[in-house]
>>> print(open('input.csv').read())   # CSV, N, CA and C atoms
chain,number,residue,atom,x,y,z
A,8,MET,N,0.8,-1.2,0.0
A,8,MET,CA,0.0,0.0,0.0
A,8,MET,C,0.9,1.2,0.0
A,9,LYS,N,0.5,2.2,-0.8
A,9,LYS,CA,1.3,3.4,-0.9
A,9,LYS,C,1.2,4.3,0.4
A,10,ARG,N,2.4,4.7,0.9
A,10,ARG,CA,2.4,5.5,2.1
A,10,ARG,C,2.9,7.0,1.8
A,11,SER,N,2.4,7.9,2.5
A,11,SER,CA,2.8,9.3,2.3
A,11,SER,C,4.2,9.5,2.9
A,12,SER,N,5.0,10.2,2.2
A,12,SER,CA,6.4,10.5,2.7
A,12,SER,C,6.3,11.5,3.8
A,13,ILE,N,5.3,12.3,3.8
A,13,ILE,CA,5.2,13.3,4.9
A,13,ILE,C,4.8,12.6,6.2
A,14,ILE,N,3.9,11.6,6.1
A,14,ILE,CA,3.5,10.9,7.3
A,14,ILE,C,4.6,10.0,7.8
A,15,GLU,N,5.3,9.4,6.9
A,15,GLU,CA,6.5,8.6,7.2
A,15,GLU,C,7.6,9.4,8.0
A,16,ALA,N,7.8,10.6,7.5
A,16,ALA,CA,8.8,11.5,8.1
A,16,ALA,C,8.4,11.9,9.5
A,17,ARG,N,7.1,12.2,9.7
A,17,ARG,CA,6.5,12.5,11.0
A,17,ARG,C,6.6,11.3,12.0
A,18,ARG,N,6.4,10.1,11.5
A,18,ARG,CA,6.4,8.9,12.3
A,18,ARG,C,7.8,8.7,12.9
A,19,MET,N,8.8,9.2,12.3
A,19,MET,CA,10.2,9.0,12.8
A,19,MET,C,10.4,9.8,14.1
A,20,HIS,N,9.6,10.7,14.4
A,20,HIS,CA,9.7,11.6,15.6
A,20,HIS,C,8.8,11.1,16.7
A,21,VAL,N,8.2,10.0,16.6
A,21,VAL,CA,7.3,9.5,17.6
A,21,VAL,C,8.0,8.6,18.5
A,22,ASN,N,7.6,8.5,19.7
A,22,ASN,CA,8.1,7.6,20.8
A,22,ASN,C,8.3,6.2,20.2
A,23,PRO,N,9.5,5.6,20.4
A,23,PRO,CA,9.7,4.3,19.7
A,23,PRO,C,8.7,3.2,20.1
A,24,LEU,N,8.1,3.2,21.3
A,24,LEU,CA,7.1,2.2,21.6
A,24,LEU,C,5.8,2.4,20.9
A,25,ILE,N,5.4,3.7,20.8
A,25,ILE,CA,4.2,4.0,20.0
A,25,ILE,C,4.5,3.7,18.5
A,26,ARG,N,5.6,4.0,18.0
A,26,ARG,CA,6.0,3.8,16.6
A,26,ARG,C,5.9,2.3,16.3
A,27,GLN,N,6.3,1.5,17.3
A,27,GLN,CA,6.3,0.0,17.1
A,27,GLN,C,4.8,-0.5,16.9
A,28,ASN,N,3.9,0.1,17.7
A,28,ASN,CA,2.5,-0.3,17.6
A,28,ASN,C,1.9,0.2,16.3
A,29,VAL,N,2.3,1.4,15.9
A,29,VAL,CA,1.8,1.9,14.6
A,29,VAL,C,2.3,1.1,13.5
A,30,ASP,N,3.6,0.7,13.6
A,30,ASP,CA,4.2,-0.1,12.5
A,30,ASP,C,3.4,-1.4,12.4
A,31,LEU,N,3.1,-2.0,13.5
A,31,LEU,CA,2.4,-3.3,13.5
A,31,LEU,C,1.0,-3.1,12.9
A,32,SER,N,0.4,-2.0,13.2
A,32,SER,CA,-0.9,-1.7,12.7
A,32,SER,C,-0.9,-1.5,11.1
A,33,PHE,N,0.2,-0.9,10.6
A,33,PHE,CA,0.4,-0.7,9.2
A,33,PHE,C,0.6,-2.1,8.5
A,34,GLN,N,1.4,-3.0,9.2
A,34,GLN,CA,1.6,-4.3,8.7
A,34,GLN,C,0.3,-5.1,8.6
A,35,ILE,N,-0.6,-4.9,9.5
A,35,ILE,CA,-1.9,-5.6,9.5
A,35,ILE,C,-2.7,-5.1,8.3
A,36,VAL,N,-2.7,-3.8,8.2
A,36,VAL,CA,-3.5,-3.1,7.1
A,36,VAL,C,-2.9,-3.6,5.7
A,37,ASP,N,-1.5,-3.6,5.6
A,37,ASP,CA,-0.9,-4.1,4.4
A,37,ASP,C,-1.3,-5.5,4.1
A,38,ARG,N,-1.4,-6.4,5.1
A,38,ARG,CA,-1.8,-7.8,4.9
A,38,ARG,C,-3.2,-7.9,4.4
A,39,ILE,N,-4.1,-7.1,5.0
A,39,ILE,CA,-5.5,-7.1,4.6
A,39,ILE,C,-5.6,-6.6,3.2
A,40,HIS,N,-4.9,-5.6,2.8
A,40,HIS,CA,-4.9,-5.1,1.5
A,40,HIS,C,-4.4,-6.1,0.5
A,41,GLU,N,-3.3,-6.8,0.8
A,41,GLU,CA,-2.7,-7.9,0.0
A,41,GLU,C,-3.8,-9.0,-0.3
A,42,ILE,N,-4.5,-9.4,0.7
A,42,ILE,CA,-5.6,-10.4,0.6
A,42,ILE,C,-6.7,-9.9,-0.3
A,43,LEU,N,-7.1,-8.6,-0.1
A,43,LEU,CA,-8.2,-8.1,-0.9
A,43,LEU,C,-7.7,-8.1,-2.4
A,44,VAL,N,-6.5,-7.6,-2.7
A,44,VAL,CA,-6.0,-7.5,-4.1
A,44,VAL,C,-6.0,-8.9,-4.7
A,45,ALA,N,-5.4,-9.9,-3.9
A,45,ALA,CA,-5.3,-11.3,-4.4
A,45,ALA,C,-6.6,-11.9,-4.7
A,46,LYS,N,-7.6,-11.5,-4.0
A,46,LYS,CA,-9.0,-12.1,-4.2
A,46,LYS,C,-9.8,-11.2,-5.1
A,47,GLY,N,-9.3,-10.1,-5.6
A,47,GLY,CA,-10.0,-9.2,-6.5
A,47,GLY,C,-11.2,-8.5,-5.8
A,48,LEU,N,-11.0,-8.2,-4.5
A,48,LEU,CA,-12.0,-7.6,-3.7
A,48,LEU,C,-11.6,-6.1,-3.4
A,49,LYS,N,-12.6,-5.3,-3.1
A,49,LYS,CA,-12.5,-3.9,-2.7
A,49,LYS,C,-12.9,-3.8,-1.2
A,50,GLN,N,-12.6,-2.6,-0.6
A,50,GLN,CA,-13.0,-2.4,0.8
A,50,GLN,C,-14.5,-2.5,1.0
A,51,LYS,N,-15.2,-2.1,0.0
A,51,LYS,CA,-16.7,-2.2,0.1
A,51,LYS,C,-17.1,-3.7,0.2
A,52,ASP,N,-16.4,-4.6,-0.5
A,52,ASP,CA,-16.7,-6.0,-0.4
A,52,ASP,C,-16.4,-6.5,1.0
A,53,LEU,N,-15.3,-6.1,1.6
A,53,LEU,CA,-15.0,-6.5,2.9
A,53,LEU,C,-16.1,-6.0,3.9
A,54,ALA,N,-16.5,-4.7,3.7
A,54,ALA,CA,-17.5,-4.2,4.5
A,54,ALA,C,-18.8,-5.0,4.4
A,55,SER,N,-19.2,-5.4,3.2
A,55,SER,CA,-20.3,-6.2,3.0
A,55,SER,C,-20.2,-7.6,3.7
A,56,LEU,N,-19.0,-8.2,3.6
A,56,LEU,CA,-18.8,-9.5,4.2
A,56,LEU,C,-18.9,-9.5,5.7
A,57,LEU,N,-18.5,-8.3,6.3
A,57,LEU,CA,-18.5,-8.1,7.7
A,57,LEU,C,-19.7,-7.5,8.3
A,58,GLY,N,-20.6,-7.1,7.4
A,58,GLY,CA,-21.8,-6.4,7.8
A,58,GLY,C,-21.5,-5.0,8.4
A,59,LYS,N,-20.5,-4.4,7.9
A,59,LYS,CA,-20.1,-3.0,8.3
A,59,LYS,C,-20.3,-2.0,7.2
A,60,LYS,N,-20.2,-0.7,7.6
A,60,LYS,CA,-20.3,0.3,6.6
A,60,LYS,C,-18.9,0.5,6.0
A,61,GLU,N,-18.9,0.9,4.7
A,61,GLU,CA,-17.6,1.1,4.0
A,61,GLU,C,-16.8,2.1,4.7
A,62,ALA,N,-17.4,3.1,5.3
A,62,ALA,CA,-16.6,4.2,6.0
A,62,ALA,C,-15.8,3.6,7.1
A,63,GLU,N,-16.4,2.7,7.8
A,63,GLU,CA,-15.6,2.1,9.0
A,63,GLU,C,-14.4,1.3,8.5
A,64,ILE,N,-14.6,0.5,7.4
A,64,ILE,CA,-13.5,-0.2,6.8
A,64,ILE,C,-12.4,0.8,6.3
A,65,SER,N,-12.8,1.8,5.7
A,65,SER,CA,-11.9,2.9,5.3
A,65,SER,C,-11.1,3.4,6.4
A,66,LYS,N,-11.7,3.6,7.6
A,66,LYS,CA,-10.9,4.1,8.7
A,66,LYS,C,-9.9,3.1,9.2
A,67,TRP,N,-10.3,1.8,9.2
A,67,TRP,CA,-9.4,0.7,9.5
A,67,TRP,C,-8.2,0.7,8.6
A,68,MET,N,-8.4,0.9,7.3
A,68,MET,CA,-7.4,0.8,6.3
A,68,MET,C,-6.4,2.0,6.3
A,69,ARG,N,-6.6,3.0,7.1
A,69,ARG,CA,-5.7,4.1,7.2
A,69,ARG,C,-4.5,3.7,8.0
A,70,GLY,N,-4.5,2.7,8.7
A,70,GLY,CA,-3.3,2.2,9.5
A,70,GLY,C,-3.2,2.7,10.9
A,71,THR,N,-4.2,3.4,11.4
A,71,THR,CA,-4.1,3.8,12.8
A,71,THR,C,-5.2,3.2,13.7
A,72,HIS,N,-5.9,2.3,13.1
A,72,HIS,CA,-7.0,1.6,13.9
A,72,HIS,C,-6.4,0.6,14.9
A,73,ASN,N,-6.9,0.5,16.1
A,73,ASN,CA,-6.4,-0.4,17.0
A,73,ASN,C,-7.3,-1.7,16.9
A,74,PHE,N,-6.8,-2.6,16.1
A,74,PHE,CA,-7.6,-3.9,15.9
A,74,PHE,C,-7.7,-4.7,17.2
A,75,THR,N,-8.9,-5.2,17.4
A,75,THR,CA,-9.0,-6.2,18.5
A,75,THR,C,-8.8,-7.6,17.9
A,76,ILE,N,-8.6,-8.5,18.8
A,76,ILE,CA,-8.4,-9.9,18.3
A,76,ILE,C,-9.7,-10.4,17.7
A,77,ASP,N,-10.9,-10.0,18.2
A,77,ASP,CA,-12.2,-10.4,17.7
A,77,ASP,C,-12.3,-9.9,16.2
A,78,THR,N,-11.9,-8.6,16.0
A,78,THR,CA,-12.0,-8.0,14.7
A,78,THR,C,-11.1,-8.7,13.7
A,79,LEU,N,-9.9,-9.0,14.1
A,79,LEU,CA,-9.0,-9.7,13.3
A,79,LEU,C,-9.5,-11.1,12.9
A,80,VAL,N,-10.1,-11.8,13.9
A,80,VAL,CA,-10.6,-13.1,13.6
A,80,VAL,C,-11.8,-13.0,12.6
A,81,SER,N,-12.6,-12.0,12.8
A,81,SER,CA,-13.8,-11.8,11.9
A,81,SER,C,-13.3,-11.5,10.5
A,82,ILE,N,-12.2,-10.7,10.3
A,82,ILE,CA,-11.7,-10.4,9.0
A,82,ILE,C,-11.1,-11.7,8.4
A,83,GLU,N,-10.3,-12.4,9.2
A,83,GLU,CA,-9.7,-13.7,8.7
A,83,GLU,C,-10.8,-14.6,8.2
A,84,LYS,N,-11.9,-14.8,8.9
A,84,LYS,CA,-13.0,-15.7,8.5
A,84,LYS,C,-13.6,-15.2,7.3
A,85,ALA,N,-13.9,-13.9,7.2
A,85,ALA,CA,-14.6,-13.3,6.1
A,85,ALA,C,-13.8,-13.4,4.8
A,86,LEU,N,-12.4,-13.3,4.9
A,86,LEU,CA,-11.6,-13.3,3.7
A,86,LEU,C,-11.0,-14.7,3.5
A,87,GLY,N,-11.2,-15.6,4.4
A,87,GLY,CA,-10.7,-17.0,4.3
A,87,GLY,C,-9.2,-17.0,4.1
A,88,ALA,N,-8.5,-16.1,4.8
A,88,ALA,CA,-7.0,-16.1,4.8
A,88,ALA,C,-6.5,-15.5,6.1
A,89,PRO,N,-5.3,-16.0,6.5
A,89,PRO,CA,-4.7,-15.6,7.8
A,89,PRO,C,-4.2,-14.2,7.7
A,90,ILE,N,-4.3,-13.4,8.8
A,90,ILE,CA,-3.7,-12.1,8.8
A,90,ILE,C,-2.5,-12.1,9.7
A,91,LEU,N,-2.6,-12.6,10.9
A,91,LEU,CA,-1.5,-12.7,11.8
A,91,LEU,C,-1.1,-14.1,12.0
A,92,GLN,N,0.2,-14.3,12.3
A,92,GLN,CA,0.7,-15.6,12.6
A,92,GLN,C,1.4,-15.6,13.9
A,93,VAL,N,1.0,-16.4,14.9
A,93,VAL,CA,1.6,-16.5,16.2
A,93,VAL,C,2.7,-17.5,16.1
A,94,VAL,N,3.9,-17.1,16.5
A,94,VAL,CA,5.0,-18.1,16.5
A,94,VAL,C,5.3,-18.5,17.9
A,95,HIS,N,5.4,-19.7,18.1
A,95,HIS,CA,5.7,-20.3,19.4
A,95,HIS,C,7.2,-20.7,19.4
A,96,GLN,N,8.0,-20.1,20.2
A,96,GLN,CA,9.4,-20.5,20.3
A,96,GLN,C,9.5,-21.7,21.2
A,97,GLU,N,10.5,-22.5,20.9
A,97,GLU,CA,10.7,-23.6,21.7
A,97,GLU,C,11.2,-23.2,23.1
A,98,ASP,N,10.6,-23.7,24.1
A,98,ASP,CA,10.9,-23.4,25.5
A,98,ASP,C,12.0,-24.3,26.0
A,99,ASN,N,13.2,-23.8,26.2
A,99,ASN,CA,14.3,-24.6,26.6
A,99,ASN,C,14.5,-24.4,28.1
A,100,SER,N,13.6,-23.9,28.8
A,100,SER,CA,13.8,-23.7,30.3
A,100,SER,C,13.5,-25.1,30.9
A,101,PRO,N,14.1,-25.3,32.1
A,101,PRO,CA,14.0,-26.6,32.8
A,101,PRO,C,12.5,-26.8,33.3
A,102,ALA,N,12.1,-28.0,33.3
A,102,ALA,CA,10.8,-28.3,33.8
A,102,ALA,C,10.8,-28.2,35.3
A,103,TYR,N,9.8,-27.6,35.9
A,103,TYR,CA,9.7,-27.5,37.3
A,103,TYR,C,8.6,-28.4,37.8
A,104,GLU,N,8.8,-28.9,39.0
A,104,GLU,CA,7.7,-29.6,39.6
A,104,GLU,C,7.2,-28.8,40.7
A,105,PHE,N,5.9,-28.7,40.8
A,105,PHE,CA,5.3,-27.9,41.9
A,105,PHE,C,4.7,-28.7,43.0
A,106,GLU,N,5.0,-28.4,44.2
A,106,GLU,CA,4.4,-29.1,45.3
A,106,GLU,C,3.5,-28.1,46.0
A,107,SER,N,2.4,-28.7,46.5
A,107,SER,CA,1.5,-27.8,47.2
A,107,SER,C,2.1,-27.5,48.6
A,108,MET,N,2.0,-26.3,49.0
A,108,MET,CA,2.6,-25.9,50.3
A,108,MET,C,1.5,-25.3,51.2
A,109,MET,N,1.7,-25.5,52.5
A,109,MET,CA,0.8,-24.9,53.4
A,109,MET,C,1.5,-24.1,54.4
A,110,ALA,N,1.0,-23.0,54.8
A,110,ALA,CA,1.7,-22.1,55.8
A,110,ALA,C,1.3,-22.7,57.1
A,111,SER,N,2.4,-22.8,58.0
A,111,SER,CA,2.1,-23.3,59.3
A,111,SER,C,1.4,-22.3,60.2
A,112,GLU,N,1.7,-21.0,59.9
A,112,GLU,CA,1.0,-20.0,60.7
A,112,GLU,C,0.4,-19.0,59.7
A,113,PRO,N,-0.7,-18.4,60.1
A,113,PRO,CA,-1.3,-17.4,59.2
A,113,PRO,C,-0.4,-16.2,59.1
A,114,LEU,N,-0.4,-15.6,57.9
A,114,LEU,CA,0.4,-14.4,57.7
A,114,LEU,C,-0.3,-13.2,58.2
A,115,SER,N,0.5,-12.4,58.9
A,115,SER,CA,0.0,-11.1,59.4
A,115,SER,C,0.1,-10.0,58.4
A,116,PRO,N,-0.8,-9.1,58.3
A,116,PRO,CA,-0.7,-8.0,57.3
A,116,PRO,C,0.5,-7.2,57.7
A,117,PRO,N,1.2,-6.6,56.7
A,117,PRO,CA,2.3,-5.7,57.0
A,117,PRO,C,1.9,-4.5,57.8
A,118,GLU,N,2.9,-4.1,58.7
A,118,GLU,CA,2.6,-2.9,59.5
A,118,GLU,C,2.8,-1.6,58.7
A,119,PRO,N,1.9,-0.6,58.9
A,119,PRO,CA,2.0,0.6,58.1
A,119,PRO,C,3.3,1.4,58.4
>>> encode(input="input.csv", output="structure tokens")
Amino acid sequence: MKRSSIIEARRMHVNPLIRQNVDLSFQIVDRIHEILVAKGLKQKDLASLLGKKEAEISKWMRGTHNFTIDTLVSIEKALGAPILQVVHQEDNSPAYEFESMMASEPLSPPEP
């Protein structure tokens, strides 16, 4: 998706944590756009599939919408294609065994 050079220049002056969130939002929008293009669909088609107004989808596609998991799942189902991929890294930490423990005396609240 084409991005404005002015907006990109302004994004560089944003707090890095906020910029990371915005970057992820743009990646999500780019992925939705890729799927729409690959399927020959328009934003209005996505709106129809989701039972939403085209104006709402247009807002989402600007790249600043805070998508919920429910919304992403709905979009994935409507388009029949994945948007996000969760990667599970192998956990190399040692396995721990947990034993149930009982306190011999009740704990007192801390003194002020």
>>> select_by_dssp(input="input.csv", residues="segment 9-89 of chain A", states="helix (DSSP H, G or I)", output="number ranges by chain")
A: 12-18, 23-45, 50-57, 61-71, 76-86
>>> residues_around(input="input.csv", residues="His72 of chain A", least_positions_apart="2", cutoff="9 Å", atoms="only C-alpha atoms", output="JSON, numbers by chain")
{"A": [29, 32, 36, 66, 67, 68, 69, 70, 74]}
>>> atom_distance(input="input.csv", atom1="atom CA of Gly87 of chain A", atom2="atom CA of Ser55 of chain A")
14.5 Å
>>> residues_around(input="input.csv", residues="Asp52 of chain A", least_positions_apart="5", cutoff="9 Å", atoms="only C-alpha atoms", output="list in words")
Leu43, Leu57 and Glu61 of chain A
>>> atom_distance(input="input.csv", atom1="atom N of Gly58 of chain A", atom2="atom N of Glu83 of chain A")
11.7 Å
>>> atom_distance(input="input.csv", atom1="atom CA of Ile64 of chain A", atom2="atom CA of Gln50 of chain A")
6.4 Å
>>> residues_around(input="input.csv", residues="Pro89 of chain A", least_positions_apart="6", cutoff="8 Å", atoms="all atoms listed in the file", output="NGL selection string")
:A and (38-39 or 82-83)
>>> decode(input="input.csv", residues="segment 34-62 of chain A", atoms="N, CA and C atoms", output="short mmCIF file (atom, residue, chain, number, x, y, z; two decimals), in the first residue's frame")
data_model
loop_
_atom_site.label_atom_id
_atom_site.label_comp_id
_atom_site.auth_asym_id
_atom_site.auth_seq_id
_atom_site.Cartn_x
_atom_site.Cartn_y
_atom_site.Cartn_z
N GLN A 34 1.36 -2.96 9.22
CA GLN A 34 1.60 -4.30 8.68
C GLN A 34 0.29 -5.08 8.56
N ILE A 35 -0.57 -4.93 9.55
CA ILE A 35 -1.88 -5.59 9.51
C ILE A 35 -2.70 -5.07 8.33
N VAL A 36 -2.73 -3.75 8.17
CA VAL A 36 -3.46 -3.15 7.06
C VAL A 36 -2.88 -3.59 5.72
N ASP A 37 -1.55 -3.62 5.64
CA ASP A 37 -0.91 -4.08 4.40
C ASP A 37 -1.31 -5.52 4.08
N ARG A 38 -1.38 -6.37 5.11
CA ARG A 38 -1.76 -7.77 4.89
C ARG A 38 -3.21 -7.88 4.42
N ILE A 39 -4.10 -7.11 5.05
CA ILE A 39 -5.50 -7.11 4.63
C ILE A 39 -5.60 -6.64 3.18
N HIS A 40 -4.86 -5.59 2.85
CA HIS A 40 -4.86 -5.06 1.48
C HIS A 40 -4.36 -6.11 0.48
N GLU A 41 -3.28 -6.83 0.85
CA GLU A 41 -2.74 -7.90 -0.02
C GLU A 41 -3.80 -8.95 -0.30
N ILE A 42 -4.53 -9.36 0.74
CA ILE A 42 -5.55 -10.39 0.58
C ILE A 42 -6.67 -9.88 -0.32
N LEU A 43 -7.10 -8.64 -0.09
CA LEU A 43 -8.16 -8.07 -0.93
C LEU A 43 -7.74 -8.05 -2.40
N VAL A 44 -6.52 -7.60 -2.67
CA VAL A 44 -6.03 -7.53 -4.06
C VAL A 44 -5.96 -8.94 -4.66
N ALA A 45 -5.42 -9.88 -3.89
CA ALA A 45 -5.27 -11.26 -4.40
C ALA A 45 -6.63 -11.89 -4.73
N LYS A 46 -7.65 -11.51 -3.99
CA LYS A 46 -8.98 -12.07 -4.22
C LYS A 46 -9.84 -11.21 -5.13
N GLY A 47 -9.27 -10.09 -5.60
CA GLY A 47 -10.02 -9.20 -6.48
C GLY A 47 -11.16 -8.48 -5.78
N LEU A 48 -10.97 -8.21 -4.49
CA LEU A 48 -12.01 -7.56 -3.70
C LEU A 48 -11.64 -6.11 -3.40
N LYS A 49 -12.65 -5.35 -3.06
CA LYS A 49 -12.48 -3.95 -2.67
C LYS A 49 -12.86 -3.81 -1.20
N GLN A 50 -12.58 -2.64 -0.63
CA GLN A 50 -12.95 -2.39 0.76
C GLN A 50 -14.46 -2.52 0.97
N LYS A 51 -15.23 -2.11 -0.03
CA LYS A 51 -16.69 -2.21 0.11
C LYS A 51 -17.12 -3.67 0.17
N ASP A 52 -16.38 -4.56 -0.51
CA ASP A 52 -16.69 -5.99 -0.44
C ASP A 52 -16.43 -6.52 0.97
N LEU A 53 -15.30 -6.08 1.56
CA LEU A 53 -14.99 -6.49 2.93
C LEU A 53 -16.07 -5.97 3.88
N ALA A 54 -16.48 -4.74 3.68
CA ALA A 54 -17.54 -4.16 4.51
C ALA A 54 -18.80 -5.03 4.42
N SER A 55 -19.16 -5.42 3.22
CA SER A 55 -20.34 -6.25 3.02
C SER A 55 -20.19 -7.60 3.71
N LEU A 56 -19.02 -8.22 3.57
CA LEU A 56 -18.77 -9.52 4.20
C LEU A 56 -18.87 -9.45 5.72
N LEU A 57 -18.47 -8.30 6.29
CA LEU A 57 -18.46 -8.14 7.74
C LEU A 57 -19.73 -7.50 8.28
N GLY A 58 -20.62 -7.06 7.37
CA GLY A 58 -21.82 -6.37 7.82
C GLY A 58 -21.51 -5.00 8.40
N LYS A 59 -20.48 -4.36 7.88
CA LYS A 59 -20.05 -3.03 8.34
C LYS A 59 -20.28 -2.01 7.25
N LYS A 60 -20.19 -0.75 7.61
CA LYS A 60 -20.26 0.32 6.62
C LYS A 60 -18.89 0.49 5.99
N GLU A 61 -18.89 0.86 4.73
CA GLU A 61 -17.63 1.05 4.01
C GLU A 61 -16.76 2.12 4.69
N ALA A 62 -17.37 3.14 5.28
CA ALA A 62 -16.62 4.20 5.96
C ALA A 62 -15.81 3.65 7.13
#
